[in-house]
>>> print(open('coords06.cif').read())   # mmCIF, C-alpha atoms
data_target
loop_
_atom_site.label_atom_id
_atom_site.label_comp_id
_atom_site.auth_asym_id
_atom_site.auth_seq_id
_atom_site.Cartn_x
_atom_site.Cartn_y
_atom_site.Cartn_z
CA MET A 842 0.00 0.00 0.00
CA LYS A 843 1.38 3.41 -0.98
CA LEU A 844 2.28 5.98 1.66
CA LYS A 845 -0.20 8.87 1.56
CA LEU A 846 1.51 12.23 1.09
CA TRP A 847 -0.28 15.59 1.22
CA ILE A 848 1.47 18.67 -0.15
CA PHE A 849 0.51 22.25 0.71
CA ILE A 850 1.61 25.01 -1.69
CA ASP A 851 0.28 28.52 -2.40
CA TRP A 852 0.30 28.07 -6.20
CA TYR A 853 0.37 24.98 -8.40
CA LEU A 854 -0.01 23.95 -12.03
CA PRO A 855 -1.43 25.26 -14.29
CA ALA A 856 0.00 28.28 -12.43
CA TYR A 857 3.51 29.13 -13.59
CA LYS A 858 4.19 32.82 -12.91
CA ALA A 859 5.21 32.17 -9.31
CA GLY A 860 8.23 30.36 -10.74
CA GLY A 861 10.59 27.99 -8.92
CA PRO A 862 8.37 26.81 -6.03
CA ILE A 863 5.74 25.55 -8.49
CA GLN A 864 8.39 23.77 -10.53
CA SER A 865 9.93 22.24 -7.40
CA ILE A 866 6.64 20.61 -6.44
CA ALA A 867 5.64 19.72 -9.99
CA ASN A 868 8.92 17.82 -10.38
CA LEU A 869 8.58 16.19 -6.96
CA VAL A 870 5.08 14.98 -7.81
CA SER A 871 6.09 13.79 -11.27
CA ARG A 872 9.07 11.81 -9.98
CA LEU A 873 7.44 10.33 -6.85
CA LYS A 874 3.81 9.71 -7.85
CA GLY A 875 4.56 6.13 -8.86
CA GLU A 876 5.57 5.21 -5.31
CA PHE A 877 3.47 7.60 -3.19
CA ASP A 878 -0.26 8.37 -3.07
CA ILE A 879 0.03 12.15 -3.56
CA SER A 880 -2.56 14.86 -2.92
CA VAL A 881 -1.82 18.55 -3.52
CA ILE A 882 -3.75 21.31 -1.72
CA THR A 883 -3.34 24.74 -3.28
CA SER A 884 -5.12 27.98 -4.18
CA ASN A 885 -7.05 28.77 -7.35
CA SER A 886 -4.61 31.53 -8.27
CA ASP A 887 -1.23 32.29 -9.80
CA LEU A 888 0.99 35.22 -8.93
CA GLY A 889 -1.34 38.24 -9.00
CA GLU A 890 -4.28 36.62 -10.80
CA LEU A 891 -6.91 33.90 -10.61
CA LEU A 892 -6.47 30.72 -12.63
CA ASP A 893 -8.91 30.00 -15.44
CA LEU A 894 -10.50 27.00 -13.74
CA ASP A 895 -14.03 25.62 -13.96
CA PRO A 896 -15.80 26.92 -10.81
CA LYS A 897 -17.34 23.48 -10.38
CA SER A 898 -13.85 21.98 -9.98
CA LEU A 899 -12.94 24.17 -6.97
CA ASN A 900 -12.78 22.95 -3.37
CA LYS A 901 -12.96 19.29 -4.36
CA TRP A 902 -10.46 16.68 -5.46
CA VAL A 903 -9.49 16.86 -9.13
CA GLU A 904 -7.89 13.73 -10.55
CA LYS A 905 -4.68 14.29 -12.47
CA ASP A 906 -2.21 11.88 -14.07
CA GLY A 907 -1.42 9.65 -11.09
CA TYR A 908 -2.26 12.08 -8.28
CA GLN A 909 -4.98 14.53 -7.18
CA VAL A 910 -5.23 18.28 -6.56
CA MET A 911 -7.66 20.42 -4.60
CA TYR A 912 -7.87 24.08 -5.69
CA LEU A 913 -9.23 26.16 -2.81
CA ASP A 914 -10.89 29.50 -3.44
CA ALA A 915 -10.44 32.30 -0.88
CA GLU A 916 -13.59 31.32 1.03
CA HIS A 917 -12.22 27.82 1.66
CA GLN A 918 -8.68 28.73 2.70
CA THR A 919 -9.82 28.69 6.32
CA LYS A 920 -9.33 26.89 9.61
CA LYS A 921 -12.89 25.55 9.47
CA HIS A 922 -12.51 24.01 6.01
CA LEU A 923 -9.10 22.48 6.76
CA LYS A 924 -10.38 20.92 9.99
CA THR A 925 -13.25 19.34 8.02
CA LEU A 926 -10.78 18.09 5.41
CA PHE A 927 -8.45 16.58 8.01
CA LYS A 928 -11.32 14.80 9.78
CA ALA A 929 -12.49 13.23 6.52
CA HIS A 930 -9.12 11.85 5.44
CA THR A 931 -6.07 10.07 6.77
CA PHE A 932 -2.53 10.52 5.50
CA ASP A 933 0.99 9.56 6.57
CA ALA A 934 3.08 12.61 5.72
CA VAL A 935 2.49 16.26 4.93
CA TYR A 936 4.84 18.60 3.09
CA PHE A 937 4.77 22.39 3.47
CA ASN A 938 6.41 24.17 0.55
CA SER A 939 6.93 27.61 2.07
CA LEU A 940 8.23 29.02 5.33
CA PHE A 941 6.30 32.31 5.17
CA SER A 942 2.85 31.22 4.00
CA VAL A 943 0.02 31.83 6.47
CA LYS A 944 -2.75 29.89 4.71
CA PHE A 945 -0.73 27.02 3.24
CA THR A 946 1.88 26.47 5.94
CA LEU A 947 1.17 28.11 9.28
CA LEU A 948 -2.57 27.34 9.42
CA PRO A 949 -2.45 23.63 8.43
CA PHE A 950 0.80 23.19 10.36
CA TRP A 951 -0.89 24.48 13.52
CA LEU A 952 -3.90 22.23 13.05
CA LEU A 953 -1.65 19.19 12.58
CA ARG A 954 0.91 20.09 15.25
CA ASN A 955 -0.07 17.23 17.59
CA GLU A 956 -1.26 14.73 14.99
CA PRO A 957 0.71 11.48 14.38
CA VAL A 958 1.79 12.46 10.86
CA ARG A 959 5.24 13.16 9.51
CA ARG A 960 5.54 16.94 8.96
CA VAL A 961 8.17 18.18 6.47
CA LEU A 962 8.89 21.87 5.90
CA ALA A 963 10.92 23.36 3.02
CA THR A 964 12.59 26.73 3.57
CA ARG A 965 12.97 27.33 -0.20
CA GLY A 966 15.89 29.71 0.37
CA MET A 967 13.78 32.02 2.52
CA LEU A 968 16.29 31.98 5.39
CA GLY A 969 19.12 33.33 3.25
CA ALA A 970 20.42 36.79 4.14
CA GLY A 971 19.40 38.19 0.75
CA ALA A 972 15.85 36.85 1.09
CA LEU A 973 15.40 37.99 4.71
CA ALA A 974 16.50 41.52 3.77
CA ILE A 975 13.25 41.89 1.78
CA LYS A 976 10.34 42.86 4.08
CA PRO A 977 12.57 42.06 7.10
CA LEU A 978 10.17 43.10 9.89
CA LYS A 979 7.35 40.87 8.68
CA LYS A 980 9.71 37.90 8.35
CA LYS A 981 11.34 38.51 11.74
CA LEU A 982 7.91 38.46 13.39
CA PHE A 983 7.00 35.27 11.51
CA LEU A 984 10.16 33.49 12.66
CA SER A 985 9.60 34.62 16.25
CA PHE A 986 6.04 33.32 16.12
CA ILE A 987 7.17 29.89 14.90
CA LYS A 988 9.76 29.64 17.70
CA ARG A 989 7.40 30.88 20.40
CA LEU A 990 4.93 28.11 19.52
CA ASN A 991 7.75 25.55 19.28
CA LEU A 992 6.61 24.60 15.78
CA HIS A 993 10.25 24.43 14.64
CA LYS A 994 10.72 21.43 16.94
CA LYS A 995 7.75 19.54 15.50
CA VAL A 996 8.90 19.32 11.92
CA ILE A 997 11.51 17.71 9.71
CA TRP A 998 13.34 20.43 7.81
CA HIS A 999 14.00 19.96 4.09
CA ALA A 1000 17.28 21.53 2.99
CA THR A 1001 18.27 21.46 -0.67
CA ALA A 1002 21.92 22.43 -0.08
CA GLN A 1003 24.47 22.71 2.72
CA SER A 1004 23.88 26.47 2.80
CA GLU A 1005 20.25 25.83 3.80
CA ILE A 1006 21.32 23.42 6.55
CA ASP A 1007 23.54 26.17 7.96
CA GLU A 1008 20.70 28.72 7.75
CA ILE A 1009 18.21 26.43 9.52
CA LYS A 1010 20.66 25.76 12.34
CA MET A 1011 21.49 29.44 12.69
CA HIS A 1012 17.84 30.48 13.07
CA PHE A 1013 16.32 27.46 14.83
CA GLY A 1014 19.17 25.68 16.63
CA THR A 1015 21.72 22.98 15.87
CA ASP A 1016 19.60 20.10 17.19
CA ARG A 1017 16.91 20.35 14.52
CA LYS A 1018 16.01 17.32 12.40
CA ILE A 1019 17.23 18.21 8.89
CA ILE A 1020 17.30 16.08 5.73
CA LEU A 1021 19.41 17.12 2.75
CA ALA A 1022 17.64 16.45 -0.54
CA PRO A 1023 18.51 18.51 -3.63
CA ASN A 1024 15.55 19.65 -5.70
CA LEU A 1025 14.37 17.25 -8.36
CA SER A 1026 14.30 18.43 -11.95
CA ALA A 1027 12.09 17.21 -14.75
CA ILE A 1028 13.66 14.51 -16.89
CA THR A 1029 14.06 15.82 -20.41
CA ARG A 1030 13.73 13.69 -23.52
CA HIS A 1031 15.65 15.84 -25.99
CA HIS A 1032 19.28 15.35 -27.01
CA PHE A 1033 22.03 17.92 -27.26
CA SER A 1034 21.47 20.34 -30.12
CA GLU A 1035 24.21 22.64 -31.35
CA LYS A 1036 23.43 26.37 -31.34
CA ASN A 1037 24.63 28.76 -34.02
CA LYS A 1038 27.11 31.22 -32.51
CA THR A 1039 28.83 34.11 -34.28
CA GLU A 1040 32.04 35.51 -32.80
CA ASN A 1041 31.45 38.77 -30.86
CA GLN A 1042 27.69 38.24 -30.92
CA ILE A 1043 25.52 36.57 -28.31
CA ASN A 1044 21.90 36.01 -27.27
CA ILE A 1045 21.57 36.57 -23.52
CA PHE A 1046 18.43 36.02 -21.46
CA PHE A 1047 17.21 36.85 -17.98
CA LEU A 1048 14.70 34.26 -16.72
CA SER A 1049 12.98 34.94 -13.41
CA ARG A 1050 10.32 36.98 -11.65
CA ILE A 1051 10.94 40.70 -12.07
CA SER A 1052 11.58 41.81 -8.51
CA TYR A 1053 14.34 43.31 -6.44
CA LYS A 1054 15.63 39.91 -5.28
CA LYS A 1055 16.37 38.70 -8.80
CA ASN A 1056 18.38 41.86 -9.62
CA LEU A 1057 17.40 42.59 -13.22
CA ILE A 1058 18.64 46.17 -12.74
CA GLY A 1059 22.07 44.77 -11.95
CA ALA A 1060 22.01 42.74 -15.17
CA ILE A 1061 21.02 45.79 -17.24
CA ASP A 1062 23.77 47.89 -15.66
CA MET A 1063 26.33 45.24 -16.56
CA LEU A 1064 25.18 45.07 -20.16
CA SER A 1065 25.32 48.86 -20.44
CA LYS A 1066 29.08 48.70 -19.94
CA ILE A 1067 29.85 46.02 -22.54
CA LYS A 1068 32.36 47.18 -25.15
CA SER A 1069 30.71 48.52 -28.30
CA ARG A 1070 32.32 45.89 -30.53
CA TYR A 1071 30.17 43.22 -28.91
CA LYS A 1072 26.62 42.80 -30.17
CA VAL A 1073 24.11 41.51 -27.60
CA ARG A 1074 20.47 40.52 -28.00
CA PHE A 1075 18.93 40.55 -24.52
CA HIS A 1076 15.62 38.82 -23.80
CA ILE A 1077 13.85 39.31 -20.47
CA ILE A 1078 11.56 36.42 -19.53
CA GLY A 1079 9.36 36.38 -16.44
CA PRO A 1080 6.29 37.88 -14.77
CA ILE A 1081 6.36 41.40 -13.33
CA ASP A 1082 6.19 40.85 -9.57
CA ASP A 1083 6.96 44.47 -8.62
CA ASN A 1084 5.61 47.18 -10.94
CA ASP A 1085 7.67 49.98 -9.37
CA TYR A 1086 10.83 47.95 -9.84
CA TRP A 1087 9.93 47.18 -13.47
CA GLN A 1088 9.45 50.89 -14.19
CA LYS A 1089 12.99 51.52 -12.98
CA CYS A 1090 14.18 48.70 -15.25
CA GLU A 1091 12.39 50.26 -18.23
CA VAL A 1092 14.17 53.57 -17.66
CA LYS A 1093 17.53 51.81 -17.70
CA ILE A 1094 16.63 49.71 -20.75
CA LYS A 1095 15.93 52.89 -22.75
CA GLU A 1096 19.42 54.13 -21.88
CA LEU A 1097 21.21 51.03 -23.17
CA PRO A 1098 23.69 51.60 -26.02
CA LYS A 1099 22.87 50.58 -29.59
CA ASN A 1100 24.89 47.37 -29.45
CA ILE A 1101 22.44 46.00 -26.85
CA SER A 1102 18.96 45.21 -28.21
CA THR A 1103 16.34 44.29 -25.61
CA ASN A 1104 12.93 42.62 -25.65
CA TYR A 1105 10.59 41.79 -22.78
CA LEU A 1106 8.87 38.48 -23.59
CA GLY A 1107 6.69 38.27 -20.48
CA ALA A 1108 6.02 35.11 -18.51
CA ILE A 1109 6.36 31.84 -20.42
CA PRO A 1110 4.86 28.52 -19.18
CA ASN A 1111 7.56 26.05 -18.23
CA GLY A 1112 6.47 23.56 -20.87
CA GLU A 1113 7.17 26.10 -23.61
CA LEU A 1114 10.57 27.28 -22.37
CA SER A 1115 12.70 24.85 -24.34
CA SER A 1116 11.54 26.23 -27.68
CA TYR A 1117 12.64 29.71 -26.58
CA LEU A 1118 15.92 28.63 -25.01
CA SER A 1119 16.92 26.72 -28.13
CA LYS A 1120 17.74 30.13 -29.63
CA GLU A 1121 19.52 31.50 -26.54
CA HIS A 1122 23.20 31.26 -25.65
CA LEU A 1123 23.59 32.46 -22.07
CA LEU A 1124 21.63 33.06 -18.84
CA LEU A 1125 22.50 36.25 -16.95
CA LEU A 1126 21.12 36.18 -13.39
CA PRO A 1127 22.95 38.28 -10.75
CA THR A 1128 20.40 37.22 -8.11
CA PHE A 1129 20.67 38.22 -4.47
CA HIS A 1130 19.72 34.69 -3.35
CA GLU A 1131 18.61 31.29 -4.71
CA ASN A 1132 18.33 28.07 -2.75
CA PHE A 1133 18.47 25.98 -5.94
CA GLY A 1134 17.57 28.00 -9.01
CA HIS A 1135 15.42 25.92 -11.36
CA VAL A 1136 16.07 28.48 -14.08
CA ILE A 1137 19.79 27.71 -13.78
CA MET A 1138 19.21 23.99 -14.24
CA GLU A 1139 16.76 24.64 -17.10
CA SER A 1140 19.40 26.76 -18.80
CA TRP A 1141 21.95 23.95 -18.57
CA GLN A 1142 19.35 21.42 -19.74
CA ASN A 1143 18.99 23.52 -22.88
CA GLY A 1144 22.72 23.85 -23.47
CA CYS A 1145 23.06 27.40 -22.11
CA PRO A 1146 25.98 28.28 -19.82
CA VAL A 1147 25.16 30.75 -17.04
CA ILE A 1148 26.62 33.87 -15.47
CA ILE A 1149 25.17 34.07 -11.98
CA SER A 1150 25.97 35.56 -8.59
CA ASP A 1151 27.71 33.63 -5.84
CA GLN A 1152 24.44 33.62 -3.85
CA THR A 1153 23.34 30.18 -5.11
CA PRO A 1154 24.53 26.63 -4.33
CA TRP A 1155 26.20 26.43 -7.75
CA ARG A 1156 29.90 27.26 -7.44
CA ASN A 1157 33.21 26.95 -9.32
CA LEU A 1158 31.39 26.83 -12.64
CA LYS A 1159 34.19 28.08 -14.88
CA ALA A 1160 36.39 25.04 -14.20
CA ASP A 1161 33.75 22.76 -15.76
CA LYS A 1162 32.80 25.16 -18.56
CA LEU A 1163 29.33 25.68 -17.07
CA GLY A 1164 29.60 29.45 -16.76
CA TYR A 1165 30.63 31.85 -14.00
CA ASP A 1166 29.57 32.41 -10.37
CA LEU A 1167 30.61 35.91 -9.27
CA SER A 1168 30.15 38.42 -6.48
CA ASN A 1169 27.59 41.14 -7.16
CA SER A 1170 30.05 43.58 -5.61
CA GLU A 1171 32.44 43.01 -8.53
CA GLU A 1172 30.56 44.29 -11.57
CA SER A 1173 33.74 44.33 -13.67
CA ALA A 1174 34.05 40.54 -13.26
CA PHE A 1175 30.52 40.09 -14.65
CA ILE A 1176 31.33 42.34 -17.60
CA GLU A 1177 34.52 40.43 -18.31
CA ALA A 1178 32.65 37.12 -18.18
CA ILE A 1179 29.92 38.36 -20.53
CA GLU A 1180 32.53 39.59 -23.00
CA HIS A 1181 34.36 36.26 -22.77
CA LEU A 1182 31.24 34.29 -23.76
CA CYS A 1183 30.31 36.88 -26.37
CA GLY A 1184 33.74 36.71 -27.99
CA MET A 1185 33.70 32.92 -28.29
CA SER A 1186 33.93 31.23 -31.64
CA GLN A 1187 31.42 28.56 -32.67
CA ASP A 1188 33.79 25.73 -31.67
CA GLU A 1189 34.67 27.16 -28.27
CA TYR A 1190 31.04 27.94 -27.43
CA ASN A 1191 30.02 24.40 -28.45
CA LYS A 1192 32.32 23.00 -25.74
CA TRP A 1193 30.68 25.12 -23.04
CA SER A 1194 27.18 24.42 -24.34
CA LYS A 1195 27.79 20.68 -24.43
CA SER A 1196 29.31 20.76 -20.92
CA ALA A 1197 26.19 22.50 -19.61
CA PHE A 1198 23.88 19.96 -21.23
CA ARG A 1199 25.86 16.94 -20.00
CA PHE A 1200 26.10 18.29 -16.45
CA ALA A 1201 22.34 18.81 -16.25
CA LYS A 1202 21.61 15.36 -17.65
CA THR A 1203 23.94 13.68 -15.14
CA PHE A 1204 22.54 15.66 -12.20
CA ILE A 1205 18.89 15.09 -13.09
CA GLU A 1206 19.27 11.36 -13.70
CA ASN A 1207 21.31 10.77 -10.52
CA PRO A 1208 19.39 8.05 -8.59
CA LYS A 1209 20.87 9.26 -5.28
CA VAL A 1210 18.97 12.56 -5.54
CA LEU A 1211 15.71 10.67 -6.07
CA GLU A 1212 16.36 8.49 -3.01
CA GLN A 1213 17.19 11.55 -0.91
CA ASN A 1214 13.81 13.05 -1.79
CA LYS A 1215 11.99 9.82 -0.97
CA SER A 1216 13.67 9.79 2.45
CA LEU A 1217 11.92 13.07 3.34
CA PHE A 1218 8.67 11.15 3.78
CA LEU A 1219 9.80 7.74 5.01
CA ASN A 1220 10.55 6.70 8.59
CA VAL A 1221 14.11 5.45 8.00
#
>>> encode(input="coords06.cif", output="structure tokens")
Amino acid sequence: MKLKLWIFIDWYLPAYKAGGPIQSIANLVSRLKGEFDISVITSNSDLGELLDLDPKSLNKWVEKDGYQVMYLDAEHQTKKHLKTLFKAHTFDAVYFNSLFSVKFTLLPFWLLRNEPVRRVLATRGMLGAGALAIKPLKKKLFLSFIKRLNLHKKVIWHATAQSEIDEIKMHFGTDRKIILAPNLSAITRHHFSEKNKTENQINIFFLSRISYKKNLIGAIDMLSKIKSRYKVRFHIIGPIDDNDYWQKCEVKIKELPKNISTNYLGAIPNGELSSYLSKEHLLLLPTFHENFGHVIMESWQNGCPVIISDQTPWRNLKADKLGYDLSNSEESAFIEAIEHLCGMSQDEYNKWSKSAFRFAKTFIENPKVLEQNKSLFLNV
């Protein structure tokens, strides 16, 4: 008999604008549904908008391919409804996908705090210094509340990298129960495909939510200082999460020199990304913090090296021809790295592109990572 696993997440497929968290759970469900009886409880919205769902399908179980989902409208994201739901069903383990969600972590967590179920909580990079610096007062109060109620002692913490283990221990104590399980990625079916690359020309893309944390302004500033002999086509992909921030980006985009052409493509569903990335050469993401960075792995899966900040788990990339990981305080190093990739010949770029593709394939198909994720929900 399969172990029954319930997953709580603020947004879920067909939502896609909320980015990495959705992809993390979609991949987890896809890879584990054969061995676990999985139920997902989520909202009927995406980032900033309602999903186009049949009203009759809300607040009830919807059967998917090998698992089920319940999309709750605002009126059912309540203590009363969750208590009714928990009384009507039994399950073995529950997974909370966000540290700072009131309705999809704190509320169900509180209701299940004394129940004999395995409770697993993912921090999703939210304890990193860069993440905590955004709306710090609200997050400080949230962390204090969790500790005051001793909820941090009643959960198994999911860390996707050693940096997250260190962050959990720093905020909640060294004696916490923590399991290291890197994020699962979707297994791709396509093979390596060579990209056309002209020397001193390059197609660069930014792929993430447009918000302060992801640092699009930093990327634009770097591109503005590229030598004029280099020709760059820059595509910005992702939903606008902060309109004020985007307006500042637009001002800077208009000031870019003629050798940098820019287009904003908006948010693109994950299933359609590969067709776009097949024409791209390089991801530029000087983020202030990522706990995993699905967009980084997706870039490698599609043969694109990356130039990212050193605020992710991915380090020492240049040695393996995967890209560069650099400090945001050293803008000149980013510029030098961009110019290096831009100046590459077809043959040299092919080596980096193939290295990226092979690394992603090896990482994604690593059976150890799958077993680590299974161990989150098993009493071993």
>>> closest_residue(input="coords06.cif", among="A:Thr883, A:Asn1169, A:Ser898, A:Thr1153", to="A:His1130", atoms="all atoms listed in the file")
A:Thr1153
>>> resolve_selection(input="coords06.cif", expression="the PyMOL selection byres ((chain A and resi 908) around 12)", output="NGL selection string")
:A and (843 or 845-848 or 867 or 869-882 or 902-907 or 909-911)
>>> resolve_selection(input="coords06.cif", expression="the PyMOL selection byres ((chain A and resi 997-1005) around 9)", output="mmCIF file with C-alpha atoms, in the coordinates of the input")
data_model
loop_
_atom_site.group_PDB
_atom_site.id
_atom_site.type_symbol
_atom_site.label_atom_id
_atom_site.label_comp_id
_atom_site.auth_asym_id
_atom_site.auth_seq_id
_atom_site.Cartn_x
_atom_site.Cartn_y
_atom_site.Cartn_z
ATOM 1 C CA ARG A 959 5.240 13.160 9.510
ATOM 2 C CA ARG A 960 5.540 16.940 8.960
ATOM 3 C CA VAL A 961 8.170 18.180 6.470
ATOM 4 C CA LEU A 962 8.890 21.870 5.900
ATOM 5 C CA ALA A 963 10.920 23.360 3.020
ATOM 6 C CA THR A 964 12.590 26.730 3.570
ATOM 7 C CA ARG A 965 12.970 27.330 -0.200
ATOM 8 C CA GLY A 966 15.890 29.710 0.370
ATOM 9 C CA LEU A 968 16.290 31.980 5.390
ATOM 10 C CA GLY A 969 19.120 33.330 3.250
ATOM 11 C CA HIS A 993 10.250 24.430 14.640
ATOM 12 C CA LYS A 994 10.720 21.430 16.940
ATOM 13 C CA LYS A 995 7.750 19.540 15.500
ATOM 14 C CA VAL A 996 8.900 19.320 11.920
ATOM 15 C CA ILE A 1006 21.320 23.420 6.550
ATOM 16 C CA ASP A 1007 23.540 26.170 7.960
ATOM 17 C CA GLU A 1008 20.700 28.720 7.750
ATOM 18 C CA ILE A 1009 18.210 26.430 9.520
ATOM 19 C CA LYS A 1010 20.660 25.760 12.340
ATOM 20 C CA ARG A 1017 16.910 20.350 14.520
ATOM 21 C CA LYS A 1018 16.010 17.320 12.400
ATOM 22 C CA ILE A 1019 17.230 18.210 8.890
ATOM 23 C CA ILE A 1020 17.300 16.080 5.730
ATOM 24 C CA LEU A 1021 19.410 17.120 2.750
ATOM 25 C CA ALA A 1022 17.640 16.450 -0.540
ATOM 26 C CA PRO A 1023 18.510 18.510 -3.630
ATOM 27 C CA ASN A 1024 15.550 19.650 -5.700
ATOM 28 C CA ASN A 1132 18.330 28.070 -2.750
ATOM 29 C CA PHE A 1133 18.470 25.980 -5.940
ATOM 30 C CA THR A 1153 23.340 30.180 -5.110
ATOM 31 C CA PRO A 1154 24.530 26.630 -4.330
ATOM 32 C CA LEU A 1217 11.920 13.070 3.340
#
>>> closest_atom_pairs(input="coords06.cif", of="stretch 851-965 of chain A", to="stretch 1047-1057 of chain A", cutoff="10 Å", atoms="only C-alpha atoms", output="CSV")
residue,atom,partner,partner_atom,distance
A:Lys858,CA,A:Arg1050,CA,7.5
A:Ala859,CA,A:Arg1050,CA,7.4
A:Gly860,CA,A:Arg1050,CA,7.0
A:Gly861,CA,A:Ser1049,CA,8.6
A:Leu888,CA,A:Arg1050,CA,9.9
>>> residues_around(input="coords06.cif", residues="A:Ile1045", least_positions_apart="4", cutoff="6 Å", atoms="all atoms listed in the file", output="PyMOL selection string")
chain A and resi 1075+1122-1124
>>> atom_distance(input="coords06.cif", atom1="atom CA of A:Asp893", atom2="atom CA of A:Ile1081")
19.2 Å
>>> closest_residue(input="coords06.cif", among="A:Ile1109, A:Leu973, A:Ser865, A:Ala934", to="A:Ser1216", atoms="all atoms listed in the file")
A:Ala934
>>> resolve_selection(input="coords06.cif", expression="the PyMOL selection byres ((chain A and resi 1039) around 12)", output="number ranges by chain")
A: 1036-1038, 1040-1044, 1071-1073, 1122, 1182-1191
>>> atom_distance(input="coords06.cif", atom1="atom CA of A:Leu992", atom2="atom CA of A:Ala972")
21.2 Å
>>> closest_residue(input="coords06.cif", among="A:Asn900, A:Gln1142, A:Ser942, A:Thr919", to="A:Leu984", atoms="all atoms listed in the file")
A:Ser942
>>> decode(input="coords06.cif", residues="stretch 1178-1202 of chain A", atoms="C-alpha atoms", output="mmCIF file, in the first residue's frame")
data_model
loop_
_atom_site.group_PDB
_atom_site.id
_atom_site.type_symbol
_atom_site.label_atom_id
_atom_site.label_comp_id
_atom_site.auth_asym_id
_atom_site.auth_seq_id
_atom_site.Cartn_x
_atom_site.Cartn_y
_atom_site.Cartn_z
ATOM 1 C CA ALA A 1178 32.655 37.120 -18.176
ATOM 2 C CA ILE A 1179 29.920 38.359 -20.529
ATOM 3 C CA GLU A 1180 32.532 39.585 -22.996
ATOM 4 C CA HIS A 1181 34.359 36.258 -22.769
ATOM 5 C CA LEU A 1182 31.244 34.290 -23.758
ATOM 6 C CA CYS A 1183 30.306 36.884 -26.373
ATOM 7 C CA GLY A 1184 33.736 36.709 -27.991
ATOM 8 C CA MET A 1185 33.704 32.919 -28.291
ATOM 9 C CA SER A 1186 33.927 31.227 -31.644
ATOM 10 C CA GLN A 1187 31.423 28.556 -32.668
ATOM 11 C CA ASP A 1188 33.788 25.729 -31.671
ATOM 12 C CA GLU A 1189 34.667 27.163 -28.271
ATOM 13 C CA TYR A 1190 31.038 27.940 -27.432
ATOM 14 C CA ASN A 1191 30.021 24.401 -28.450
ATOM 15 C CA LYS A 1192 32.315 22.999 -25.740
ATOM 16 C CA TRP A 1193 30.676 25.117 -23.040
ATOM 17 C CA SER A 1194 27.179 24.424 -24.344
ATOM 18 C CA LYS A 1195 27.787 20.678 -24.430
ATOM 19 C CA SER A 1196 29.308 20.758 -20.922
ATOM 20 C CA ALA A 1197 26.188 22.499 -19.611
ATOM 21 C CA PHE A 1198 23.876 19.957 -21.231
ATOM 22 C CA ARG A 1199 25.855 16.945 -19.999
ATOM 23 C CA PHE A 1200 26.103 18.292 -16.445
ATOM 24 C CA ALA A 1201 22.336 18.813 -16.247
ATOM 25 C CA LYS A 1202 21.611 15.360 -17.651
#
